[in-house]
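Undergrad: One structure coming up, written as structure tokens, with questions to follow.
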Amino acid sequence: MNIFACIKQVPDTTTRIKLRDDRNGIDESDIQWIISPHDELAIEEALRLREQQPDSTVTVLSAGPERVTDSLRMALAMGADSAVQVDLPGDGDSTMNAGALAAAIRRLGPADIVFTGKEAIDDGAAAVGQALAVFLDMPCVTVVNGIDYGDGVITCRRDVGGGSIEVIETPLPAVVAAQVGLNEPRYASLPNIMKAKKKPIDALTPDDLGV
């Protein structure tokens, strides 16, 4: 299987956020960046699916400036096979990012399944997964905290409030947006972090992708 996980690099929750002098964005000079926590769930689920499916590969993508390679290397340290930076401005909106990520997946695919987090913790837009599915012409299931894998289909579970659980079956390929409870992300060991520093990370520009 060709398994993809799309991640976003966000400020650490302990970082003190300051606005730029023009009041039109955040001052990034002293920010500690991390993988958005829901996206760690996406990486973990991609890795677990690879363990179930022989001859599968996990490719992790992130849209943003050169700094996102630090988060991509952390994904490699967790166990991803390859990583791709889609070179976009750090303040790109959800539609811009989703369109470029979709173009990259089409170039690298075909994809059998694409994992994202349900939302990023910086803007909380919860829009890239759905937009990505539109650009890829795939079904999408969001806020997923349980998945059963079948032959060409997946069955997803979602908490919908009041103790109720929604169960959705969809054919593959599909986009799945992970919610807390889906899994427990593994820690990247220090030896794997050191090895990941030496691994290549491909970079694709909008011109490369025709977007």
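Each chain in the structure tokens gets a letter, A, B and so on, in the order shown; residues start at 1 in every chain, and ligands are counted from 1 in the order they appear.
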When DSSP is applied to the backbone of this structure, which of chain A are assigned strand (DSSP E or B)? Write them out as a PyMOL selection string.
TA: chain A and resi 2-7+9-11+19+26+33-35+57-64+82-87+113-117+140-144+146-149+153-161+164-171+174-178+202-204
Undergrad: Please extract the residues of region 47-170 of chain A with a backbone DSSP assignment of helix (DSSP H, G or I) and present them as a ChimeraX atom specification.
TA: /A:47-52,66-78,94-108,128-136
Undergrad: Pick from A:Val84, A:Val175, A:Val160, A:Ala188: nearest to Gly129 (chain A), with only C-alpha atoms counted?
TA: A:Val175
Undergrad: Go through A:Ser71, A:Thr155, A:Gly92, A:Ala177 one by one, measure the shortest atom-to-atom distance of each to Gln130 (chain A) using only C-alpha atoms, and give the residue with the smallest value.
TA: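 Of A:Ser71, A:Thr155, A:Gly92, A:Ala177, the one nearest Gln130 (chain A) is A:Ala177, counting only C-alpha atoms.
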Undergrad: So that I can see what lies close to Ile105 (chain A), please list as a ChimeraX atom specification the residues with an atom at most 12 Å from it, counting only C-alpha atoms and leaving out residues fewer than 5 positions away in the same chain.
TA: /A:2-6,58-63,83-86,98-100,110-115,132-133,135-136,175,204,209
Undergrad: If you keep N, CA and C atoms, can you produce a file of those selected residues as a JSON list (two decimals), in the first residue's frame?
TA:
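Output saved as part_12.json:
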[["chain", "number", "residue", "atom", "x", "y", "z"],
["A", 2, "ASN", "N", 0.41, 2.26, -0.70],
["A", 2, "ASN", "CA", 1.03, 3.59, -0.63],
["A", 2, "ASN", "C", 0.28, 4.39, 0.43],
["A", 3, "ILE", "N", 0.90, 4.57, 1.58],
["A", 3, "ILE", "CA", 0.26, 5.23, 2.71],
["A", 3, "ILE", "C", 0.89, 6.62, 2.87],
["A", 4, "PHE", "N", 0.04, 7.62, 2.98],
["A", 4, "PHE", "CA", 0.52, 8.99, 3.14],
["A", 4, "PHE", "C", -0.02, 9.58, 4.44],
["A", 5, "ALA", "N", 0.80, 10.41, 5.07],
["A", 5, "ALA", "CA", 0.37, 11.17, 6.25],
["A", 5, "ALA", "C", 0.77, 12.63, 6.03],
["A", 6, "CYS", "N", -0.18, 13.52, 6.19],
["A", 6, "CYS", "CA", 0.07, 14.95, 6.03],
["A", 6, "CYS", "C", 0.10, 15.60, 7.41],
["A", 58, "VAL", "N", 5.30, 4.30, 3.98],
["A", 58, "VAL", "CA", 4.70, 5.47, 4.59],
["A", 58, "VAL", "C", 5.49, 6.71, 4.17],
["A", 59, "THR", "N", 4.81, 7.63, 3.51],
["A", 59, "THR", "CA", 5.40, 8.90, 3.11],
["A", 59, "THR", "C", 4.71, 10.02, 3.89],
["A", 60, "VAL", "N", 5.50, 10.87, 4.52],
["A", 60, "VAL", "CA", 4.97, 11.98, 5.30],
["A", 60, "VAL", "C", 5.24, 13.27, 4.54],
["A", 61, "LEU", "N", 4.22, 14.12, 4.45],
["A", 61, "LEU", "CA", 4.35, 15.40, 3.75],
["A", 61, "LEU", "C", 3.97, 16.54, 4.69],
["A", 62, "SER", "N", 4.61, 17.69, 4.47],
["A", 62, "SER", "CA", 4.24, 18.90, 5.19],
["A", 62, "SER", "C", 4.40, 20.08, 4.25],
["A", 63, "ALA", "N", 3.40, 20.96, 4.25],
["A", 63, "ALA", "CA", 3.45, 22.18, 3.44],
["A", 63, "ALA", "C", 3.91, 23.33, 4.31],
["A", 83, "ALA", "N", 10.04, 11.41, 3.41],
["A", 83, "ALA", "CA", 9.42, 12.67, 3.80],
["A", 83, "ALA", "C", 9.58, 13.68, 2.67],
["A", 84, "VAL", "N", 8.56, 14.53, 2.51],
["A", 84, "VAL", "CA", 8.54, 15.51, 1.43],
["A", 84, "VAL", "C", 8.08, 16.85, 1.99],
["A", 85, "GLN", "N", 8.87, 17.89, 1.74],
["A", 85, "GLN", "CA", 8.46, 19.26, 2.05],
["A", 85, "GLN", "C", 7.83, 19.87, 0.82],
["A", 86, "VAL", "N", 6.60, 20.36, 0.94],
["A", 86, "VAL", "CA", 5.97, 21.12, -0.12],
["A", 86, "VAL", "C", 6.21, 22.58, 0.21],
["A", 98, "ALA", "N", -3.90, 22.47, 1.10],
["A", 98, "ALA", "CA", -4.52, 21.22, 0.66],
["A", 98, "ALA", "C", -4.31, 20.99, -0.83],
["A", 99, "GLY", "N", -4.44, 22.05, -1.63],
["A", 99, "GLY", "CA", -4.25, 21.90, -3.07],
["A", 99, "GLY", "C", -2.85, 21.46, -3.43],
["A", 100, "ALA", "N", -1.85, 22.04, -2.75],
["A", 100, "ALA", "CA", -0.46, 21.68, -3.02],
["A", 100, "ALA", "C", -0.15, 20.27, -2.51],
["A", 110, "PRO", "N", 0.03, 6.39, -6.99],
["A", 110, "PRO", "CA", -1.29, 6.66, -6.41],
["A", 110, "PRO", "C", -1.37, 6.28, -4.94],
["A", 111, "ALA", "N", -2.18, 7.02, -4.19],
["A", 111, "ALA", "CA", -2.32, 6.77, -2.77],
["A", 111, "ALA", "C", -3.42, 5.73, -2.52],
["A", 112, "ASP", "N", -3.18, 4.86, -1.55],
["A", 112, "ASP", "CA", -4.21, 3.92, -1.11],
["A", 112, "ASP", "C", -4.98, 4.47, 0.08],
["A", 113, "ILE", "N", -4.33, 5.28, 0.91],
["A", 113, "ILE", "CA", -4.99, 5.93, 2.04],
["A", 113, "ILE", "C", -4.15, 7.13, 2.46],
["A", 114, "VAL", "N", -4.83, 8.19, 2.90],
["A", 114, "VAL", "CA", -4.15, 9.41, 3.35],
["A", 114, "VAL", "C", -4.65, 9.73, 4.75],
["A", 115, "PHE", "N", -3.72, 9.89, 5.69],
["A", 115, "PHE", "CA", -4.07, 10.26, 7.06],
["A", 115, "PHE", "C", -3.71, 11.72, 7.32],
["A", 132, "LEU", "N", -8.45, 18.38, 1.13],
["A", 132, "LEU", "CA", -7.55, 17.42, 0.49],
["A", 132, "LEU", "C", -8.36, 16.33, -0.22],
["A", 133, "ALA", "N", -9.40, 15.84, 0.45],
["A", 133, "ALA", "CA", -10.24, 14.80, -0.16],
["A", 133, "ALA", "C", -10.93, 15.31, -1.42],
["A", 135, "PHE", "N", -9.80, 17.71, -3.46],
["A", 135, "PHE", "CA", -8.79, 17.81, -4.52],
["A", 135, "PHE", "C", -8.39, 16.44, -5.05],
["A", 136, "LEU", "N", -8.39, 15.42, -4.19],
["A", 136, "LEU", "CA", -7.99, 14.07, -4.60],
["A", 136, "LEU", "C", -9.17, 13.25, -5.11],
["A", 175, "VAL", "N", -9.44, 9.56, 2.59],
["A", 175, "VAL", "CA", -8.73, 10.43, 3.51],
["A", 175, "VAL", "C", -9.35, 10.25, 4.89],
["A", 204, "LEU", "N", 9.42, 19.90, -2.94],
["A", 204, "LEU", "CA", 8.67, 20.18, -4.15],
["A", 204, "LEU", "C", 8.14, 21.61, -4.08],
["A", 209, "LEU", "N", 4.75, 21.32, -9.01],
["A", 209, "LEU", "CA", 3.45, 20.66, -8.88],
["A", 209, "LEU", "C", 2.39, 21.27, -9.78]]
Undergrad: When distances are computed from only C-alpha atoms, which of A:Ser82, A:Asn24, A:Gln179, A:Ser94 shows the smallest separation from His38 (chain A)?
TA: A:Gln179
Undergrad: Select, from A:Glu45, A:Asp81, A:Asp208, A:Glu119, the residue with the minimum atom-to-atom distance to Tyr149 (chain A), counting only C-alpha atoms.
TA: A:Glu45
Undergrad: Tell me, in Å to one decimal, how far CA of Tyr187 (chain A) is from CA of Met78 (chain A).
TA: 6.6 Å
Undergrad: Quick one: everything within 10 Å of Lys118 (chain A), counting only C-alpha atoms, minus sequence neighbours fewer than 3 positions away in the same chain. Send it as a count of residues only.
TA: 23
Undergrad: For Thr15 (chain A), find every residue with an atom within 7 Å (counting only C-alpha atoms), except residues of its own chain fewer than 3 positions away, and show them as a VMD selection string.
TA: chain A and resid 11 to 12 31 to 32
Undergrad: Would you save the residues of that selection, restricted to N, CA and C atoms, as a CSV table (one decimal), in the first residue's frame?
TA:
chain,number,residue,atom,x,y,z
A,11,PRO,N,3.4,26.1,16.6
A,11,PRO,CA,4.2,26.5,17.8
A,11,PRO,C,3.9,25.5,18.9
A,12,ASP,N,4.9,25.2,19.7
A,12,ASP,CA,4.7,24.4,20.9
A,12,ASP,C,3.7,25.2,21.8
A,31,ILE,N,10.3,31.0,18.5
A,31,ILE,CA,9.3,30.0,18.6
A,31,ILE,C,9.9,28.6,18.6
A,32,GLN,N,9.4,27.7,19.5
A,32,GLN,CA,9.8,26.3,19.4
A,32,GLN,C,8.7,25.6,18.6
Undergrad: Need to verify the contact set: Val10 (chain A), 7 Å, only C-alpha atoms, exclusion of same-chain residues closer than 4 positions in sequence. Can you return it as a ChimeraX atom specification?
TA: /A:33-36,122
Undergrad: In Å, rounded to a single decimal, give me how far CA of Gln52 (chain A) is from CA of Glu184 (chain A).
TA: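 Result for CA of Glu184 (chain A) versus CA of Gln52 (chain A): 16.6 Å, one decimal.
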